[in-house]
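query12.cif, holding mmCIF, C-alpha atoms and all ligand atoms:
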data_upload
loop_
_atom_site.label_atom_id
_atom_site.label_comp_id
_atom_site.auth_asym_id
_atom_site.auth_seq_id
_atom_site.Cartn_x
_atom_site.Cartn_y
_atom_site.Cartn_z
CA MET F 1 12.22 67.24 -34.89
CA SER F 2 11.38 64.13 -36.78
CA PHE F 3 12.46 62.26 -33.69
CA LEU F 4 9.89 64.15 -31.62
CA ARG F 5 7.25 63.49 -34.22
CA ARG F 6 8.02 59.83 -34.13
CA LEU F 7 7.87 59.93 -30.37
CA PHE F 8 4.54 61.70 -30.53
CA LYS F 9 3.28 59.20 -33.04
CA ARG F 10 4.22 56.39 -30.77
CA ASP F 11 2.41 58.12 -27.91
CA SER F 12 -0.69 58.62 -29.99
CA SER F 13 -0.73 54.94 -30.88
CA GLU F 14 -1.12 53.97 -27.26
CA PRO F 15 -4.82 54.70 -26.87
CA LYS F 16 -5.28 52.43 -29.88
CA ALA F 17 -3.81 49.57 -27.91
CA GLN F 18 -6.26 50.32 -25.13
CA VAL F 19 -9.15 50.22 -27.59
CA THR F 20 -8.00 46.76 -28.61
CA LYS F 21 -7.93 45.79 -24.99
CA SER F 22 -11.49 46.97 -24.35
CA ASP F 23 -12.55 45.20 -27.57
CA HIS F 24 -11.18 42.05 -26.04
CA VAL F 25 -13.31 42.60 -22.95
CA THR F 26 -16.39 43.03 -25.16
CA SER F 27 -15.61 39.87 -27.11
CA SER F 28 -15.46 37.91 -23.86
CA THR F 29 -18.99 38.91 -22.86
CA VAL F 30 -20.51 35.94 -21.13
CA THR F 31 -23.90 34.70 -22.23
CA CYS F 32 -26.08 31.96 -20.81
CA PRO F 33 -25.49 28.71 -22.78
CA TYR F 34 -29.25 28.01 -22.63
CA CYS F 35 -31.06 31.33 -23.24
CA ASP F 36 -28.15 33.37 -24.64
CA LYS F 37 -28.85 36.36 -22.35
CA VAL F 38 -25.82 38.39 -21.28
CA LEU F 39 -24.60 37.53 -17.79
CA ASP F 40 -23.13 40.68 -16.28
CA PRO F 41 -21.16 40.22 -14.13
CA PRO F 42 -20.18 36.71 -15.31
CA PRO F 43 -20.90 34.06 -12.67
CA LYS F 44 -17.91 33.30 -10.46
CA ARG F 45 -19.03 29.72 -9.98
CA THR F 46 -21.55 27.20 -11.21
CA ARG F 47 -25.06 28.54 -10.59
CA LYS F 48 -28.55 28.99 -12.01
CA CYS F 49 -29.17 31.52 -14.78
CA PRO F 50 -31.09 34.54 -13.39
CA PHE F 51 -33.16 34.62 -16.61
CA CYS F 52 -34.03 31.02 -17.44
CA SER F 53 -33.10 29.30 -14.13
CA GLU F 54 -31.11 26.57 -15.90
CA ARG F 55 -27.92 25.41 -14.21
CA ILE F 56 -24.86 26.99 -15.86
CA VAL F 57 -21.64 25.05 -15.27
CA ARG F 58 -18.56 27.22 -14.95
CA ARG F 59 -15.40 25.41 -15.96
CA ASN F 60 -11.87 26.60 -15.40
CA ASP F 61 -9.47 24.61 -17.55
CA TRP F 62 -5.75 25.00 -17.10
CA ASP F 63 -3.80 24.26 -20.29
CA GLY F 64 -0.41 24.41 -18.58
CA LYS F 65 0.06 28.12 -19.38
CA LYS F 66 -3.20 29.88 -18.64
CA SER F 67 -6.72 29.14 -17.54
CA HIS F 68 -9.71 29.02 -19.86
CA ILE F 69 -13.05 29.81 -18.33
CA SER F 70 -16.16 28.51 -20.03
CA TYR F 71 -19.87 28.52 -19.23
CA LEU F 72 -21.59 25.35 -20.33
CA THR F 73 -24.91 23.57 -20.19
CA GLU F 74 -24.89 20.52 -17.92
CA GLU F 75 -24.89 18.27 -20.97
CA GLN F 76 -21.91 20.08 -22.54
CA ALA F 77 -20.05 19.94 -19.22
CA GLN F 78 -20.61 16.21 -18.94
CA ARG F 79 -19.33 15.68 -22.51
CA GLU F 80 -16.24 17.76 -21.65
CA ASP F 81 -15.64 15.67 -18.52
CA GLU F 82 -15.92 12.45 -20.53
CA LYS F 83 -13.54 13.80 -23.17
CA GLU F 84 -11.07 14.74 -20.45
CA VAL F 85 -11.20 11.25 -18.93
CA GLU F 86 -10.61 9.64 -22.34
CA GLN F 87 -7.64 11.93 -23.00
CA ARG F 88 -6.12 11.20 -19.60
CA LEU F 89 -6.54 7.44 -20.03
CA SER F 90 -5.18 7.41 -23.53
CA SER F 91 -2.09 9.38 -22.52
CA ALA F 92 -1.56 7.06 -19.52
CA ARG F 93 -1.88 4.08 -21.88
CA SER F 94 0.64 5.45 -24.33
CA GLU F 95 3.09 6.35 -21.50
CA ALA F 96 2.91 2.78 -20.22
CA GLN F 97 3.31 1.27 -23.68
CA LYS F 98 6.27 3.49 -24.49
CA ALA F 99 7.96 2.69 -21.17
CA THR F 100 7.55 -1.04 -21.86
CA VAL F 101 8.98 -0.72 -25.37
CA ARG F 102 11.96 1.16 -23.90
CA ALA F 103 12.49 -1.52 -21.24
CA LYS F 104 12.31 -4.38 -23.76
CA LYS F 105 14.83 -2.58 -25.94
CA SER F 106 17.34 -1.68 -23.23
CA GLY F 107 16.83 -4.68 -20.94
CA ASP F 108 17.71 -2.23 -18.17
CA SER F 109 16.12 -2.89 -14.78
CA THR F 110 15.48 0.83 -14.14
CA ASP F 111 13.48 0.97 -17.38
CA TRP F 112 11.42 -1.97 -16.11
CA VAL F 113 10.79 -0.05 -12.89
CA ASP F 114 9.51 2.85 -15.03
CA ALA F 115 7.27 0.48 -16.99
CA CYS F 116 5.94 -0.96 -13.72
CA VAL F 117 5.18 2.50 -12.35
CA ALA F 118 3.56 3.62 -15.62
CA TYR F 119 1.31 0.54 -15.78
CA THR F 120 0.45 0.81 -12.08
CA SER F 121 -0.70 4.40 -12.48
CA PHE F 122 -2.59 3.59 -15.70
CA ALA F 123 -4.31 0.66 -13.94
CA ALA F 124 -5.13 2.87 -10.94
CA GLU F 125 -6.67 5.50 -13.24
CA LEU F 126 -8.82 2.84 -14.90
CA ALA F 127 -9.90 1.56 -11.47
CA HIS F 128 -10.71 5.11 -10.39
CA GLU F 129 -13.01 5.43 -13.42
CA GLY F 130 -14.68 2.15 -12.46
CA ARG F 131 -13.25 0.30 -15.45
CA PRO F 132 -11.58 -3.12 -15.61
CA TYR F 133 -7.89 -2.79 -14.86
CA TRP F 134 -6.67 -6.33 -14.22
CA GLU F 135 -4.86 -6.67 -17.54
CA GLU F 136 -2.90 -3.47 -16.89
CA LYS F 137 -2.22 -4.46 -13.28
CA THR F 138 -0.89 -7.78 -14.59
CA LEU F 139 1.44 -5.94 -16.98
CA SER F 140 2.69 -3.83 -14.08
CA ASN F 141 3.38 -6.99 -12.02
CA GLN F 142 5.17 -8.51 -15.00
CA ALA F 143 7.38 -5.45 -15.37
CA ASP F 144 8.12 -5.57 -11.64
CA ALA F 145 9.06 -9.26 -11.83
CA MET F 146 11.29 -8.52 -14.86
CA ARG F 147 13.11 -5.90 -12.84
CA TYR F 148 13.84 -8.41 -10.03
CA HIS F 149 14.76 -11.05 -12.57
CA ILE F 150 17.38 -8.73 -14.11
CA GLU F 151 18.70 -7.34 -10.82
CA LEU F 152 18.84 -10.70 -9.04
CA PRO F 153 19.35 -13.38 -11.69
CA ASN F 154 19.84 -16.09 -9.06
CA MET F 155 16.60 -15.40 -7.26
CA ASN F 156 14.04 -18.09 -8.03
CA THR F 157 11.34 -16.98 -5.62
CA LEU F 158 9.58 -13.70 -4.87
CA GLN F 159 6.91 -13.00 -2.31
CA ILE F 160 3.66 -11.13 -2.31
CA SER F 161 3.20 -7.98 -0.31
CA ALA F 162 -0.52 -7.58 0.38
CA SER F 163 -0.41 -5.69 3.66
CA ASP F 164 -1.74 -2.51 2.02
CA CYS F 165 -4.74 -4.13 0.34
CA CYS F 166 -8.14 -5.52 1.27
CA ASP F 167 -8.90 -8.34 3.75
CA ALA F 168 -9.27 -10.84 0.89
CA CYS F 169 -5.80 -10.04 -0.42
CA LYS F 170 -4.25 -10.12 3.06
CA ASN F 171 -4.55 -13.94 2.94
CA PHE F 172 -1.88 -13.83 0.25
CA HIS F 173 0.49 -11.66 2.24
CA SER F 174 4.04 -13.09 2.39
CA LYS F 175 3.04 -15.97 0.10
CA LYS F 176 6.05 -17.18 -1.87
CA ILE F 177 5.72 -17.20 -5.61
CA PRO F 178 8.16 -18.81 -8.11
CA MET F 179 9.92 -16.31 -10.37
CA SER F 180 8.55 -18.13 -13.44
CA GLU F 181 5.00 -17.49 -12.15
CA ALA F 182 5.74 -13.90 -11.17
CA LEU F 183 6.98 -13.24 -14.71
CA LYS F 184 3.51 -14.17 -15.98
CA GLY F 185 2.18 -11.28 -13.90
CA VAL F 186 -0.75 -12.74 -11.97
CA ILE F 187 0.18 -12.63 -8.29
CA ILE F 188 -3.35 -12.57 -6.82
CA PRO F 189 -6.12 -14.50 -8.64
CA GLU F 190 -8.43 -12.20 -10.58
CA GLY F 191 -11.69 -11.36 -8.81
CA ILE F 192 -10.36 -11.86 -5.28
CA CYS F 193 -9.53 -8.26 -4.42
CA THR F 194 -12.42 -6.24 -2.97
CA ALA F 195 -10.59 -2.89 -2.88
CA LEU F 196 -11.20 -0.19 -5.49
CA PHE F 197 -7.68 -0.88 -6.68
CA CYS F 198 -5.49 -3.86 -5.78
CA ASN F 199 -2.31 -2.57 -4.14
CA CYS F 200 -0.59 -5.94 -3.92
CA MET F 201 2.94 -6.10 -5.21
CA LEU F 202 6.06 -8.22 -5.37
CA LEU F 203 8.94 -8.23 -2.95
CA THR F 204 12.16 -10.16 -2.86
CA SER F 205 12.03 -13.31 -0.81
CA ARG F 206 14.63 -14.52 1.66
ZN ZN U 301 -30.38 31.41 -19.13
ZN ZN U 302 -7.08 -6.43 -2.44
#
Would it be possible to restate this file's structure as structure tokens?
Amino acid sequence: MSFLRRLFKRDSSEPKAQVTKSDHVTSSTVTCPYCDKVLDPPPKRTRKCPFCSERIVRRNDWDGKKSHISYLTEEQAQREDEKEVEQRLSSARSEAQKATVRAKKSGDSTDWVDACVAYTSFAAELAHEGRPYWEEKTLSNQADAMRYHIELPNMNTLQISASDCCDACKNFHSKKIPMSEALKGVIIPEGICTALFCNCMLLTSR
């Protein structure tokens, strides 16, 4: 009997859970970020508010587990975008720095390859944001040269591969470069490349 009562109790608690659920729906009522009027149904994409005609930006942010939808003013959306860029760049920077620390510690050529890749992608992200990236590109070249230096200790010369870059860089294609120079990281003089991002890299030389 008491078992049945418990069972019944459990049953009767179910509508409660549903109430909570509908509460949740109420709490997620969408309002215009400008005029605060309720938007029902919530806009499925960025569009003008039917009440105040301001442009409401709909953002869908994925945190790795679930998406977060927000409705922002254009100014708020721009600030969010800028914050996102800063976060991405700072995590790319710290990845590259960590990879370099690891490589210096281990002296392992595969760790130098990782450092090269990490600095190349950090430099490419900076370039994509229209920021200076030459210093980071230089660090990626240095890491690449280190890797060759460790793998091929008798190799005194490397060569530049510039076939994937701009016309200005193509003049440097196949140019031989002493290992001691390559280890300093500058393989193409700064300011020469006219591409958004300089794709030139080092190859072994025969
Ligand atoms: Zn509005
Ligand atoms: Zn170039």
With all atoms listed in the file counted and 7 Å as the cut-off, give the residues of chain F in contact with ligand ZN 301 (chain U), each with its shortest interatomic distance in Å and the pair that gives it, as a tab-separated table.
residue	atom	partner	partner_atom	distance
F:Cys32	CA	U:ZN301	ZN	4.6
F:Pro33	CA	U:ZN301	ZN	6.7
F:Tyr34	CA	U:ZN301	ZN	5.0
F:Cys35	CA	U:ZN301	ZN	4.2
F:Asp36	CA	U:ZN301	ZN	6.3
F:Lys37	CA	U:ZN301	ZN	6.1
F:Cys49	CA	U:ZN301	ZN	4.5
F:Pro50	CA	U:ZN301	ZN	6.6
F:Phe51	CA	U:ZN301	ZN	4.9
F:Cys52	CA	U:ZN301	ZN	4.0
F:Ser53	CA	U:ZN301	ZN	6.1
F:Glu54	CA	U:ZN301	ZN	5.9
*Any idea what's packed within 10 Å of Arg88 (chain F), counting all atoms listed in the file, ignoring anything in its chain fewer than 5 positions away? Could you give it as number ranges by chain?*
F: 82-83, 93, 122, 125-126
*Could you tell me which of F:Thr46, F:Asn60, F:Ser205, F:Gln87 comes closest to Glu74 (chain F) if we count all atoms listed in the file?*
F:Thr46
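Residues in contact with ligand ZN 302 (chain U) comprise Ala162, Ser163, Asp164, Cys165, Cys166, Asp167, Ala168, Cys169, Lys170, Asn171, Phe172, Ile188, Gly191, Ile192, Cys193, Thr194, Ala195, Leu196, Phe197, Cys198, Asn199 and Cys200 of chain F, where contact means an atom-to-atom distance of at most 10 Å counting all atoms listed in the file.
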Could you write out that same residue set with C-alpha atoms as a PDB file, keeping the file's coordinate frame?
ATOM      1  CA  ALA F 162      -0.520  -7.580   0.380  1.00  0.00           C
ATOM      2  CA  SER F 163      -0.410  -5.690   3.660  1.00  0.00           C
ATOM      3  CA  ASP F 164      -1.740  -2.510   2.020  1.00  0.00           C
ATOM      4  CA  CYS F 165      -4.740  -4.130   0.340  1.00  0.00           C
ATOM      5  CA  CYS F 166      -8.140  -5.520   1.270  1.00  0.00           C
ATOM      6  CA  ASP F 167      -8.900  -8.340   3.750  1.00  0.00           C
ATOM      7  CA  ALA F 168      -9.270 -10.840   0.890  1.00  0.00           C
ATOM      8  CA  CYS F 169      -5.800 -10.040  -0.420  1.00  0.00           C
ATOM      9  CA  LYS F 170      -4.250 -10.120   3.060  1.00  0.00           C
ATOM     10  CA  ASN F 171      -4.550 -13.940   2.940  1.00  0.00           C
ATOM     11  CA  PHE F 172      -1.880 -13.830   0.250  1.00  0.00           C
ATOM     12  CA  ILE F 188      -3.350 -12.570  -6.820  1.00  0.00           C
ATOM     13  CA  GLY F 191     -11.690 -11.360  -8.810  1.00  0.00           C
ATOM     14  CA  ILE F 192     -10.360 -11.860  -5.280  1.00  0.00           C
ATOM     15  CA  CYS F 193      -9.530  -8.260  -4.420  1.00  0.00           C
ATOM     16  CA  THR F 194     -12.420  -6.240  -2.970  1.00  0.00           C
ATOM     17  CA  ALA F 195     -10.590  -2.890  -2.880  1.00  0.00           C
ATOM     18  CA  LEU F 196     -11.200  -0.190  -5.490  1.00  0.00           C
ATOM     19  CA  PHE F 197      -7.680  -0.880  -6.680  1.00  0.00           C
ATOM     20  CA  CYS F 198      -5.490  -3.860  -5.780  1.00  0.00           C
ATOM     21  CA  ASN F 199      -2.310  -2.570  -4.140  1.00  0.00           C
ATOM     22  CA  CYS F 200      -0.590  -5.940  -3.920  1.00  0.00           C
TER      23      CYS F 200
END
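Restricting the calculation to only C-alpha atoms, the smallest distance between Thr73 (chain F) and any of F:Gln159, F:Thr31, F:Thr120, F:Ser180 is found for F:Thr31.
Using all atoms listed in the file, every residue with an atom at most 9 Å from the point (15.6, -0.5, -11.8) is listed here: Asp108, Ser109, Thr110, Asp111, Trp112, Val113, Asp114, Arg147, Tyr148, Ile150 and Glu151 of chain F.
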File output for region 55-194 of chain F (C-alpha atoms) as a PDB file, in the first residue's frame:
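So the final result, stored in decode_16.pdb, reads:
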ATOM      1  CA  ARG F  55      18.017  46.289 -36.343  1.00  0.00           C
ATOM      2  CA  ILE F  56      18.098  43.393 -33.848  1.00  0.00           C
ATOM      3  CA  VAL F  57      21.129  41.134 -34.247  1.00  0.00           C
ATOM      4  CA  ARG F  58      20.453  37.485 -33.513  1.00  0.00           C
ATOM      5  CA  ARG F  59      23.536  35.631 -32.362  1.00  0.00           C
ATOM      6  CA  ASN F  60      23.886  31.903 -31.987  1.00  0.00           C
ATOM      7  CA  ASP F  61      26.959  31.089 -29.923  1.00  0.00           C
ATOM      8  CA  TRP F  62      28.123  27.522 -29.580  1.00  0.00           C
ATOM      9  CA  ASP F  63      30.003  26.902 -26.320  1.00  0.00           C
ATOM     10  CA  GLY F  64      31.099  23.392 -27.306  1.00  0.00           C
ATOM     11  CA  LYS F  65      28.061  21.765 -25.639  1.00  0.00           C
ATOM     12  CA  LYS F  66      25.016  23.790 -26.570  1.00  0.00           C
ATOM     13  CA  SER F  67      24.053  26.912 -28.430  1.00  0.00           C
ATOM     14  CA  HIS F  68      23.183  30.209 -26.782  1.00  0.00           C
ATOM     15  CA  ILE F  69      20.874  32.473 -28.699  1.00  0.00           C
ATOM     16  CA  SER F  70      20.935  36.172 -27.923  1.00  0.00           C
ATOM     17  CA  TYR F  71      19.251  39.247 -29.370  1.00  0.00           C
ATOM     18  CA  LEU F  72      21.503  42.277 -29.327  1.00  0.00           C
ATOM     19  CA  THR F  73      21.682  45.867 -30.462  1.00  0.00           C
ATOM     20  CA  GLU F  74      24.149  46.430 -33.297  1.00  0.00           C
ATOM     21  CA  GLU F  75      26.550  48.080 -30.864  1.00  0.00           C
ATOM     22  CA  GLN F  76      26.373  45.147 -28.418  1.00  0.00           C
ATOM     23  CA  ALA F  77      26.876  42.696 -31.286  1.00  0.00           C
ATOM     24  CA  GLN F  78      29.955  44.543 -32.473  1.00  0.00           C
ATOM     25  CA  ARG F  79      31.412  44.528 -28.935  1.00  0.00           C
ATOM     26  CA  GLU F  80      30.750  40.773 -28.731  1.00  0.00           C
ATOM     27  CA  ASP F  81      32.492  40.240 -32.075  1.00  0.00           C
ATOM     28  CA  GLU F  82      35.510  42.230 -30.901  1.00  0.00           C
ATOM     29  CA  LYS F  83      35.632  40.284 -27.640  1.00  0.00           C
ATOM     30  CA  GLU F  84      35.500  37.035 -29.587  1.00  0.00           C
ATOM     31  CA  VAL F  85      38.387  38.089 -31.832  1.00  0.00           C
ATOM     32  CA  GLU F  86      40.502  39.064 -28.802  1.00  0.00           C
ATOM     33  CA  GLN F  87      39.784  35.727 -27.133  1.00  0.00           C
ATOM     34  CA  ARG F  88      40.664  33.783 -30.269  1.00  0.00           C
ATOM     35  CA  LEU F  89      43.911  35.699 -30.754  1.00  0.00           C
ATOM     36  CA  SER F  90      44.951  35.409 -27.150  1.00  0.00           C
ATOM     37  CA  SER F  91      44.361  31.655 -27.124  1.00  0.00           C
ATOM     38  CA  ALA F  92      46.300  31.295 -30.408  1.00  0.00           C
ATOM     39  CA  ARG F  93      49.134  33.332 -28.859  1.00  0.00           C
ATOM     40  CA  SER F  94      49.269  31.197 -25.743  1.00  0.00           C
ATOM     41  CA  GLU F  95      49.144  27.954 -27.810  1.00  0.00           C
ATOM     42  CA  ALA F  96      52.122  29.150 -29.850  1.00  0.00           C
ATOM     43  CA  GLN F  97      54.074  30.269 -26.787  1.00  0.00           C
ATOM     44  CA  LYS F  98      53.432  26.993 -24.983  1.00  0.00           C
ATOM     45  CA  ALA F  99      54.457  24.953 -28.027  1.00  0.00           C
ATOM     46  CA  THR F 100      57.710  26.919 -28.254  1.00  0.00           C
ATOM     47  CA  VAL F 101      58.469  26.432 -24.555  1.00  0.00           C
ATOM     48  CA  ARG F 102      57.861  22.690 -25.005  1.00  0.00           C
ATOM     49  CA  ALA F 103      60.159  22.557 -28.045  1.00  0.00           C
ATOM     50  CA  LYS F 104      62.962  24.459 -26.290  1.00  0.00           C
ATOM     51  CA  LYS F 105      62.682  22.101 -23.342  1.00  0.00           C
ATOM     52  CA  SER F 106      62.603  18.832 -25.274  1.00  0.00           C
ATOM     53  CA  GLY F 107      64.798  19.838 -28.223  1.00  0.00           C
ATOM     54  CA  ASP F 108      62.628  17.411 -30.178  1.00  0.00           C
ATOM     55  CA  SER F 109      62.124  18.198 -33.866  1.00  0.00           C
ATOM     56  CA  THR F 110      58.442  17.179 -33.787  1.00  0.00           C
ATOM     57  CA  ASP F 111      57.869  19.734 -31.018  1.00  0.00           C
ATOM     58  CA  TRP F 112      59.475  22.363 -33.254  1.00  0.00           C
ATOM     59  CA  VAL F 113      57.092  21.349 -36.031  1.00  0.00           C
ATOM     60  CA  ASP F 114      54.208  21.926 -33.587  1.00  0.00           C
ATOM     61  CA  ALA F 115      55.634  25.328 -32.640  1.00  0.00           C
ATOM     62  CA  CYS F 116      55.962  26.219 -36.331  1.00  0.00           C
ATOM     63  CA  VAL F 117      52.361  25.210 -37.031  1.00  0.00           C
ATOM     64  CA  ALA F 118      51.075  27.062 -33.952  1.00  0.00           C
ATOM     65  CA  TYR F 119      52.910  30.282 -34.887  1.00  0.00           C
ATOM     66  CA  THR F 120      51.849  29.990 -38.528  1.00  0.00           C
ATOM     67  CA  SER F 121      48.188  29.737 -37.571  1.00  0.00           C
ATOM     68  CA  PHE F 122      48.508  32.555 -35.018  1.00  0.00           C
ATOM     69  CA  ALA F 123      50.193  34.750 -37.653  1.00  0.00           C
ATOM     70  CA  ALA F 124      47.493  33.853 -40.204  1.00  0.00           C
ATOM     71  CA  GLU F 125      44.761  34.807 -37.708  1.00  0.00           C
ATOM     72  CA  LEU F 126      46.449  38.166 -37.096  1.00  0.00           C
ATOM     73  CA  ALA F 127      46.717  38.729 -40.853  1.00  0.00           C
ATOM     74  CA  HIS F 128      43.051  37.809 -41.263  1.00  0.00           C
ATOM     75  CA  GLU F 129      42.170  40.511 -38.713  1.00  0.00           C
ATOM     76  CA  GLY F 130      44.283  42.998 -40.664  1.00  0.00           C
ATOM     77  CA  ARG F 131      46.919  43.206 -37.935  1.00  0.00           C
ATOM     78  CA  PRO F 132      50.713  43.076 -38.222  1.00  0.00           C
ATOM     79  CA  TYR F 133      51.884  39.483 -38.193  1.00  0.00           C
ATOM     80  CA  TRP F 134      55.502  39.584 -39.351  1.00  0.00           C
ATOM     81  CA  GLU F 135      56.980  38.968 -35.913  1.00  0.00           C
ATOM     82  CA  GLU F 136      54.862  35.834 -35.471  1.00  0.00           C
ATOM     83  CA  LYS F 137      55.595  34.690 -39.026  1.00  0.00           C
ATOM     84  CA  THR F 138      59.300  35.110 -38.244  1.00  0.00           C
ATOM     85  CA  LEU F 139      58.922  32.959 -35.123  1.00  0.00           C
ATOM     86  CA  SER F 140      57.203  30.293 -37.218  1.00  0.00           C
ATOM     87  CA  ASN F 141      60.078  30.361 -39.747  1.00  0.00           C
ATOM     88  CA  GLN F 142      62.572  30.120 -36.901  1.00  0.00           C
ATOM     89  CA  ALA F 143      60.801  27.086 -35.471  1.00  0.00           C
ATOM     90  CA  ASP F 144      60.763  25.514 -38.933  1.00  0.00           C
ATOM     91  CA  ALA F 145      64.494  26.136 -39.379  1.00  0.00           C
ATOM     92  CA  MET F 146      65.147  24.659 -35.910  1.00  0.00           C
ATOM     93  CA  ARG F 147      63.319  21.520 -36.935  1.00  0.00           C
ATOM     94  CA  TYR F 148      65.531  21.106 -40.042  1.00  0.00           C
ATOM     95  CA  HIS F 149      68.608  21.960 -38.020  1.00  0.00           C
ATOM     96  CA  ILE F 150      67.824  19.140 -35.554  1.00  0.00           C
ATOM     97  CA  GLU F 151      66.731  16.597 -38.152  1.00  0.00           C
ATOM     98  CA  LEU F 152      69.580  17.300 -40.571  1.00  0.00           C
ATOM     99  CA  PRO F 153      72.534  18.550 -38.522  1.00  0.00           C
ATOM    100  CA  ASN F 154      74.851  18.477 -41.547  1.00  0.00           C
ATOM    101  CA  MET F 155      72.637  20.620 -43.717  1.00  0.00           C
ATOM    102  CA  ASN F 156      74.060  24.121 -44.040  1.00  0.00           C
ATOM    103  CA  THR F 157      71.624  25.469 -46.598  1.00  0.00           C
ATOM    104  CA  LEU F 158      67.849  25.581 -46.931  1.00  0.00           C
ATOM    105  CA  GLN F 159      65.769  27.021 -49.721  1.00  0.00           C
ATOM    106  CA  ILE F 160      62.714  29.197 -49.908  1.00  0.00           C
ATOM    107  CA  SER F 161      59.448  27.879 -51.223  1.00  0.00           C
ATOM    108  CA  ALA F 162      57.435  30.848 -52.482  1.00  0.00           C
ATOM    109  CA  SER F 163      55.380  29.184 -55.196  1.00  0.00           C
ATOM    110  CA  ASP F 164      52.162  29.571 -53.173  1.00  0.00           C
ATOM    111  CA  CYS F 165      52.552  33.286 -52.467  1.00  0.00           C
ATOM    112  CA  CYS F 166      52.245  36.588 -54.291  1.00  0.00           C
ATOM    113  CA  ASP F 167      54.152  37.701 -57.420  1.00  0.00           C
ATOM    114  CA  ALA F 168      56.594  39.730 -55.296  1.00  0.00           C
ATOM    115  CA  CYS F 169      57.508  36.679 -53.222  1.00  0.00           C
ATOM    116  CA  LYS F 170      57.800  34.442 -56.296  1.00  0.00           C
ATOM    117  CA  ASN F 171      61.119  36.202 -57.070  1.00  0.00           C
ATOM    118  CA  PHE F 172      62.479  34.479 -53.974  1.00  0.00           C
ATOM    119  CA  HIS F 173      61.293  31.031 -54.971  1.00  0.00           C
ATOM    120  CA  SER F 174      64.056  28.392 -54.769  1.00  0.00           C
ATOM    121  CA  LYS F 175      66.501  30.971 -53.392  1.00  0.00           C
ATOM    122  CA  LYS F 176      69.101  29.278 -51.211  1.00  0.00           C
ATOM    123  CA  ILE F 177      69.448  30.540 -47.692  1.00  0.00           C
ATOM    124  CA  PRO F 178      72.228  29.633 -45.197  1.00  0.00           C
ATOM    125  CA  MET F 179      71.008  27.701 -42.163  1.00  0.00           C
ATOM    126  CA  SER F 180      72.446  30.400 -39.873  1.00  0.00           C
ATOM    127  CA  GLU F 181      70.200  32.978 -41.621  1.00  0.00           C
ATOM    128  CA  ALA F 182      67.171  30.694 -41.639  1.00  0.00           C
ATOM    129  CA  LEU F 183      67.539  30.253 -37.874  1.00  0.00           C
ATOM    130  CA  LYS F 184      67.067  34.010 -37.503  1.00  0.00           C
ATOM    131  CA  GLY F 185      63.650  33.547 -39.105  1.00  0.00           C
ATOM    132  CA  VAL F 186      63.484  36.208 -41.815  1.00  0.00           C
ATOM    133  CA  ILE F 187      63.329  34.395 -45.144  1.00  0.00           C
ATOM    134  CA  ILE F 188      61.600  37.129 -47.196  1.00  0.00           C
ATOM    135  CA  PRO F 189      62.385  40.787 -46.376  1.00  0.00           C
ATOM    136  CA  GLU F 190      59.577  42.458 -44.446  1.00  0.00           C
ATOM    137  CA  GLY F 191      57.227  44.572 -46.554  1.00  0.00           C
ATOM    138  CA  ILE F 192      57.806  42.674 -49.807  1.00  0.00           C
ATOM    139  CA  CYS F 193      54.814  40.342 -49.694  1.00  0.00           C
ATOM    140  CA  THR F 194      51.602  41.755 -51.172  1.00  0.00           C
TER     141      THR F 194
END
